[in-house]
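Here is the structure we will look at.
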Amino acid sequence: MQNRDANTDFLTGVGNRRQLDVALESRVQRATSGIPFGGVMCDLDRFKQINDTYGHNQGDETLEAVADVLARSFRHNDMVARYGGDEFFVITEIRDPRVLQNAIGRVRANLDDLNGSDRLPFEVSISMGYGIFDPEVDGGVPGFRARLDEMLYEEKKAKAAATGNDAYLDRGRDGVRRGGGAS
């Protein structure tokens, strides 16, 4: 029980950063032996705005709801973890990019279901970067995280451009991007 507590995010009930880091290192080692895996990096859009407008308790409820959406969208043997703040990371047994794309579709559908419910008083959106680990392209954990983080940020930039709302970019007053593993 103590080990479970040490590896579980206390708020959301999914894995924590410590568990994620250990699992990613293990998966990368297995991938270099020919057992690929997929990863998904997720970031809540406009989370600071949610906290500022609705309060931190509502922000916590949002994190719990998104963790639930992610857990329901992937297989039981996949790992959902809170990467930090308002970011999550999923390690999945999926090895085919098309199957991973289908899983991303489930995330979006489950998020639509959440937004259609009365669980939260606002709509939630997330940006995602995802792919299959490639030892030649990614090298290791840092390279894989950086690739997924860049994809995630490209989605955020596209949302900001489409809506004219820079809040998607999660920048502080100093213009520095907040969150993300590669920034």
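Residue names in the structure tokens use chain letters A, B, ... in the order shown, residue numbers from 1 in each chain, and ligand numbers from 1 in the order shown.
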
If DSSP is run on the backbone, what residues of chain A are strand (DSSP E or B)? A reply as JSON, numbers by chain would be ideal. {"A": [8, 15, 38, 39, 40, 41, 42, 43, 44, 79, 80, 81, 82, 83, 84, 87, 88, 89, 90, 91, 92, 126, 127, 128, 129, 130, 131, 132, 171, 177]}

Store the residues of this selection in a file with N, CA and C atoms, as a PDB file, in the first residue's frame.
```pdb
ATOM      1  N   THR A   8       1.327   7.297  -6.687  1.00  0.00           N
ATOM      2  CA  THR A   8       0.011   7.774  -7.115  1.00  0.00           C
ATOM      3  C   THR A   8      -0.116   9.260  -6.837  1.00  0.00           C
ATOM      4  N   GLY A  15      -1.164   7.712 -11.901  1.00  0.00           N
ATOM      5  CA  GLY A  15       0.246   7.661 -11.555  1.00  0.00           C
ATOM      6  C   GLY A  15       0.818   9.059 -11.369  1.00  0.00           C
ATOM      7  N   GLY A  38       3.605   3.483 -27.326  1.00  0.00           N
ATOM      8  CA  GLY A  38       3.138   4.814 -27.671  1.00  0.00           C
ATOM      9  C   GLY A  38       3.097   5.712 -26.457  1.00  0.00           C
ATOM     10  N   GLY A  39       3.082   6.987 -26.714  1.00  0.00           N
ATOM     11  CA  GLY A  39       2.979   7.966 -25.647  1.00  0.00           C
ATOM     12  C   GLY A  39       2.088   9.116 -26.065  1.00  0.00           C
ATOM     13  N   VAL A  40       1.432   9.699 -25.083  1.00  0.00           N
ATOM     14  CA  VAL A  40       0.569  10.856 -25.303  1.00  0.00           C
ATOM     15  C   VAL A  40       0.854  11.867 -24.203  1.00  0.00           C
ATOM     16  N   MET A  41       1.204  13.069 -24.586  1.00  0.00           N
ATOM     17  CA  MET A  41       1.376  14.160 -23.627  1.00  0.00           C
ATOM     18  C   MET A  41       0.165  15.074 -23.786  1.00  0.00           C
ATOM     19  N   CYS A  42      -0.477  15.390 -22.664  1.00  0.00           N
ATOM     20  CA  CYS A  42      -1.700  16.193 -22.673  1.00  0.00           C
ATOM     21  C   CYS A  42      -1.533  17.399 -21.757  1.00  0.00           C
ATOM     22  N   ASP A  43      -2.117  18.510 -22.178  1.00  0.00           N
ATOM     23  CA  ASP A  43      -2.074  19.721 -21.388  1.00  0.00           C
ATOM     24  C   ASP A  43      -3.448  20.369 -21.446  1.00  0.00           C
ATOM     25  N   LEU A  44      -3.991  20.719 -20.288  1.00  0.00           N
ATOM     26  CA  LEU A  44      -5.282  21.403 -20.268  1.00  0.00           C
ATOM     27  C   LEU A  44      -5.125  22.795 -20.865  1.00  0.00           C
ATOM     28  N   MET A  79      -0.780   3.225 -18.917  1.00  0.00           N
ATOM     29  CA  MET A  79      -0.560   4.003 -17.702  1.00  0.00           C
ATOM     30  C   MET A  79      -0.837   5.478 -17.943  1.00  0.00           C
ATOM     31  N   VAL A  80      -1.742   6.024 -17.166  1.00  0.00           N
ATOM     32  CA  VAL A  80      -2.013   7.459 -17.163  1.00  0.00           C
ATOM     33  C   VAL A  80      -1.325   8.034 -15.937  1.00  0.00           C
ATOM     34  N   ALA A  81      -0.581   9.116 -16.144  1.00  0.00           N
ATOM     35  CA  ALA A  81       0.124   9.745 -15.026  1.00  0.00           C
ATOM     36  C   ALA A  81       0.001  11.253 -15.128  1.00  0.00           C
ATOM     37  N   ARG A  82       0.004  11.881 -13.981  1.00  0.00           N
ATOM     38  CA  ARG A  82       0.054  13.343 -13.950  1.00  0.00           C
ATOM     39  C   ARG A  82       1.512  13.722 -14.070  1.00  0.00           C
ATOM     40  N   TYR A  83       1.820  14.415 -15.142  1.00  0.00           N
ATOM     41  CA  TYR A  83       3.190  14.801 -15.456  1.00  0.00           C
ATOM     42  C   TYR A  83       3.619  15.965 -14.575  1.00  0.00           C
ATOM     43  N   GLY A  84       2.679  16.837 -14.298  1.00  0.00           N
ATOM     44  CA  GLY A  84       2.952  17.989 -13.451  1.00  0.00           C
ATOM     45  C   GLY A  84       1.909  19.058 -13.716  1.00  0.00           C
ATOM     46  N   GLU A  87      -0.647  18.976 -16.660  1.00  0.00           N
ATOM     47  CA  GLU A  87      -0.210  18.093 -17.740  1.00  0.00           C
ATOM     48  C   GLU A  87      -0.285  16.629 -17.312  1.00  0.00           C
ATOM     49  N   PHE A  88      -0.636  15.806 -18.274  1.00  0.00           N
ATOM     50  CA  PHE A  88      -0.716  14.367 -18.080  1.00  0.00           C
ATOM     51  C   PHE A  88       0.092  13.684 -19.171  1.00  0.00           C
ATOM     52  N   PHE A  89       0.501  12.457 -18.884  1.00  0.00           N
ATOM     53  CA  PHE A  89       1.239  11.648 -19.858  1.00  0.00           C
ATOM     54  C   PHE A  89       0.653  10.249 -19.814  1.00  0.00           C
ATOM     55  N   VAL A  90       0.462   9.665 -20.983  1.00  0.00           N
ATOM     56  CA  VAL A  90      -0.043   8.301 -21.078  1.00  0.00           C
ATOM     57  C   VAL A  90       1.028   7.454 -21.771  1.00  0.00           C
ATOM     58  N   ILE A  91       1.364   6.339 -21.157  1.00  0.00           N
ATOM     59  CA  ILE A  91       2.206   5.329 -21.801  1.00  0.00           C
ATOM     60  C   ILE A  91       1.260   4.212 -22.205  1.00  0.00           C
ATOM     61  N   THR A  92       1.268   3.881 -23.476  1.00  0.00           N
ATOM     62  CA  THR A  92       0.330   2.891 -23.971  1.00  0.00           C
ATOM     63  C   THR A  92       1.035   1.756 -24.703  1.00  0.00           C
ATOM     64  N   ILE A 126      -8.286  20.024 -24.141  1.00  0.00           N
ATOM     65  CA  ILE A 126      -6.885  19.669 -23.923  1.00  0.00           C
ATOM     66  C   ILE A 126      -6.176  19.643 -25.259  1.00  0.00           C
ATOM     67  N   SER A 127      -4.905  19.925 -25.215  1.00  0.00           N
ATOM     68  CA  SER A 127      -4.048  19.775 -26.383  1.00  0.00           C
ATOM     69  C   SER A 127      -3.194  18.546 -26.155  1.00  0.00           C
ATOM     70  N   MET A 128      -2.888  17.843 -27.248  1.00  0.00           N
ATOM     71  CA  MET A 128      -2.151  16.592 -27.129  1.00  0.00           C
ATOM     72  C   MET A 128      -1.046  16.492 -28.172  1.00  0.00           C
ATOM     73  N   GLY A 129       0.043  15.897 -27.753  1.00  0.00           N
ATOM     74  CA  GLY A 129       1.107  15.472 -28.649  1.00  0.00           C
ATOM     75  C   GLY A 129       1.258  13.980 -28.446  1.00  0.00           C
ATOM     76  N   TYR A 130       1.335  13.209 -29.524  1.00  0.00           N
ATOM     77  CA  TYR A 130       1.345  11.761 -29.370  1.00  0.00           C
ATOM     78  C   TYR A 130       2.129  11.098 -30.493  1.00  0.00           C
ATOM     79  N   GLY A 131       2.624   9.912 -30.201  1.00  0.00           N
ATOM     80  CA  GLY A 131       3.363   9.160 -31.201  1.00  0.00           C
ATOM     81  C   GLY A 131       3.867   7.852 -30.641  1.00  0.00           C
ATOM     82  N   ILE A 132       4.480   7.096 -31.527  1.00  0.00           N
ATOM     83  CA  ILE A 132       5.109   5.825 -31.168  1.00  0.00           C
ATOM     84  C   ILE A 132       6.589   6.107 -30.961  1.00  0.00           C
ATOM     85  N   ARG A 171       1.175  31.390 -21.434  1.00  0.00           N
ATOM     86  CA  ARG A 171       2.389  32.164 -21.214  1.00  0.00           C
ATOM     87  C   ARG A 171       2.189  33.094 -20.030  1.00  0.00           C
ATOM     88  N   ARG A 177       6.797  30.408 -21.906  1.00  0.00           N
ATOM     89  CA  ARG A 177       5.808  29.339 -21.871  1.00  0.00           C
ATOM     90  C   ARG A 177       5.867  28.624 -20.546  1.00  0.00           C
TER      91      ARG A 177
END
```

Item checked: Contact residues around Ser125 (chain A) with only C-alpha atoms at 10 Å, ignoring same-chain residues under 6 positions, as a PyMOL selection string -> chain A and resi 43-47+66+108+111-112+115+168

Pull C-alpha atoms from the residues just selected and write them as a PDB file, in the first residue's frame.
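Generated file (result-v5.pdb):
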```
ATOM      1  CA  ASP A  43      -2.074  19.721 -21.388  1.00  0.00           C
ATOM      2  CA  LEU A  44      -5.282  21.403 -20.268  1.00  0.00           C
ATOM      3  CA  ASP A  45      -6.055  24.477 -22.327  1.00  0.00           C
ATOM      4  CA  ARG A  46      -6.568  27.765 -20.466  1.00  0.00           C
ATOM      5  CA  PHE A  47      -6.144  26.127 -17.056  1.00  0.00           C
ATOM      6  CA  VAL A  66      -9.530  15.004 -17.141  1.00  0.00           C
ATOM      7  CA  ARG A 108     -11.819  13.652 -27.707  1.00  0.00           C
ATOM      8  CA  LEU A 111     -14.037  14.923 -23.410  1.00  0.00           C
ATOM      9  CA  ASP A 112     -17.116  15.870 -25.462  1.00  0.00           C
ATOM     10  CA  ASN A 115     -18.505  18.823 -21.670  1.00  0.00           C
ATOM     11  CA  TYR A 168      -4.143  28.640 -25.163  1.00  0.00           C
TER      12      TYR A 168
END
```

Using only C-alpha atoms, what does the table of region 89-171 of chain A residues within 12 Å of region 25-28 of chain A look like, with each row giving the shortest atom pair and its distance in Å to one decimal, sorted by chain and ascending number, as a tab-separated table?
```
residue	atom	partner	partner_atom	distance
A:Ile91	CA	A:Arg27	CA	8.6
A:Thr92	CA	A:Arg27	CA	9.8
A:Glu93	CA	A:Arg27	CA	9.6
A:Ile132	CA	A:Val28	CA	11.0
A:Phe133	CA	A:Val28	CA	7.8
A:Asp134	CA	A:Val28	CA	9.1
A:Pro135	CA	A:Val28	CA	7.7
A:Glu136	CA	A:Val28	CA	11.5
A:Asp138	CA	A:Val28	CA	9.8
A:Gly139	CA	A:Val28	CA	8.9
A:Gly140	CA	A:Val28	CA	6.4
A:Val141	CA	A:Glu25	CA	6.5
A:Pro142	CA	A:Glu25	CA	9.9
A:Gly143	CA	A:Val28	CA	10.9
A:Phe144	CA	A:Val28	CA	9.3
A:Arg145	CA	A:Val28	CA	11.5
```

Can you write out the residues you just picked, keeping N, CA and C atoms, as an mmCIF file, in the first residue's frame?
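Below is the file selection12.cif, written as the result:
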```cif
data_model
loop_
_atom_site.group_PDB
_atom_site.id
_atom_site.type_symbol
_atom_site.label_atom_id
_atom_site.label_comp_id
_atom_site.auth_asym_id
_atom_site.auth_seq_id
_atom_site.Cartn_x
_atom_site.Cartn_y
_atom_site.Cartn_z
ATOM 1 N N ILE A 91 1.364 6.339 -21.157
ATOM 2 C CA ILE A 91 2.206 5.329 -21.801
ATOM 3 C C ILE A 91 1.260 4.212 -22.205
ATOM 4 N N THR A 92 1.268 3.881 -23.476
ATOM 5 C CA THR A 92 0.330 2.891 -23.971
ATOM 6 C C THR A 92 1.035 1.756 -24.703
ATOM 7 N N GLU A 93 0.418 0.601 -24.635
ATOM 8 C CA GLU A 93 0.932 -0.574 -25.339
ATOM 9 C C GLU A 93 0.700 -0.477 -26.848
ATOM 10 N N ILE A 132 4.480 7.096 -31.527
ATOM 11 C CA ILE A 132 5.109 5.825 -31.168
ATOM 12 C C ILE A 132 6.589 6.107 -30.961
ATOM 13 N N PHE A 133 7.140 5.622 -29.855
ATOM 14 C CA PHE A 133 8.564 5.834 -29.575
ATOM 15 C C PHE A 133 9.401 5.205 -30.681
ATOM 16 N N ASP A 134 10.367 5.961 -31.177
ATOM 17 C CA ASP A 134 11.292 5.496 -32.203
ATOM 18 C C ASP A 134 12.707 5.745 -31.695
ATOM 19 N N PRO A 135 13.441 4.671 -31.338
ATOM 20 C CA PRO A 135 14.780 4.862 -30.770
ATOM 21 C C PRO A 135 15.716 5.678 -31.665
ATOM 22 N N GLU A 136 15.580 5.537 -32.980
ATOM 23 C CA GLU A 136 16.463 6.265 -33.893
ATOM 24 C C GLU A 136 16.128 7.751 -33.948
ATOM 25 N N ASP A 138 14.044 9.436 -31.477
ATOM 26 C CA ASP A 138 13.929 10.014 -30.142
ATOM 27 C C ASP A 138 15.176 9.840 -29.293
ATOM 28 N N GLY A 139 15.919 8.792 -29.517
ATOM 29 C CA GLY A 139 17.116 8.529 -28.732
ATOM 30 C C GLY A 139 16.802 7.936 -27.373
ATOM 31 N N GLY A 140 16.059 8.631 -26.579
ATOM 32 C CA GLY A 140 15.707 8.180 -25.237
ATOM 33 C C GLY A 140 14.505 8.950 -24.728
ATOM 34 N N VAL A 141 14.315 8.890 -23.424
ATOM 35 C CA VAL A 141 13.160 9.541 -22.800
ATOM 36 C C VAL A 141 13.127 11.044 -23.083
ATOM 37 N N PRO A 142 14.237 11.781 -22.885
ATOM 38 C CA PRO A 142 14.161 13.227 -23.119
ATOM 39 C C PRO A 142 13.752 13.582 -24.555
ATOM 40 N N GLY A 143 14.278 12.864 -25.521
ATOM 41 C CA GLY A 143 13.941 13.125 -26.909
ATOM 42 C C GLY A 143 12.486 12.822 -27.225
ATOM 43 N N PHE A 144 11.974 11.739 -26.658
ATOM 44 C CA PHE A 144 10.575 11.368 -26.874
ATOM 45 C C PHE A 144 9.650 12.416 -26.260
ATOM 46 N N ARG A 145 9.941 12.799 -25.017
ATOM 47 C CA ARG A 145 9.117 13.824 -24.368
ATOM 48 C C ARG A 145 9.183 15.139 -25.137
#
```

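You will find CA of Arg106 (chain A) at 27.6 Å from CA of His56 (chain A).
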
When DSSP is applied to the backbone of this structure, which of region 7-108 of chain A are assigned alpha helix (DSSP H)? Write them out as a VMD selection string.
chain A and resid 17 to 31 47 to 54 56 to 73 97 to 108

I'd like the contact shell of Val69 (chain A) - 8 Å cut-off, only C-alpha atoms, skipping same-chain residues fewer than 5 positions apart - returned as an NGL selection string.
:A and (107 or 110-111 or 114)

Quick one: write out the picked residues with C-alpha atoms as a compact mmCIF listing (two decimals), in the first residue's frame?
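File written: selection.txt
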```txt
# COMPACT_ATOMS: atom_id res chain seq x y z
CA VAL A 107 -10.13 10.92 -25.68
CA ASN A 110 -14.96 11.26 -23.85
CA LEU A 111 -14.04 14.92 -23.41
CA LEU A 114 -17.71 15.46 -20.12
```

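Pairwise distance (CA of Ala160 (chain A), CA of Val124 (chain A)) equals 15.0 Å.
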
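For the atom pair formed by CA of Gly116 (chain A) and CA of Ala158 (chain A), the distance is 23.8 Å, given to one decimal.
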
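Counting only C-alpha atoms and comparing A:Leu20, A:Asp166, A:Gln58, A:Ser73, the residue that lies closest to Asp113 (chain A) is A:Ser73.
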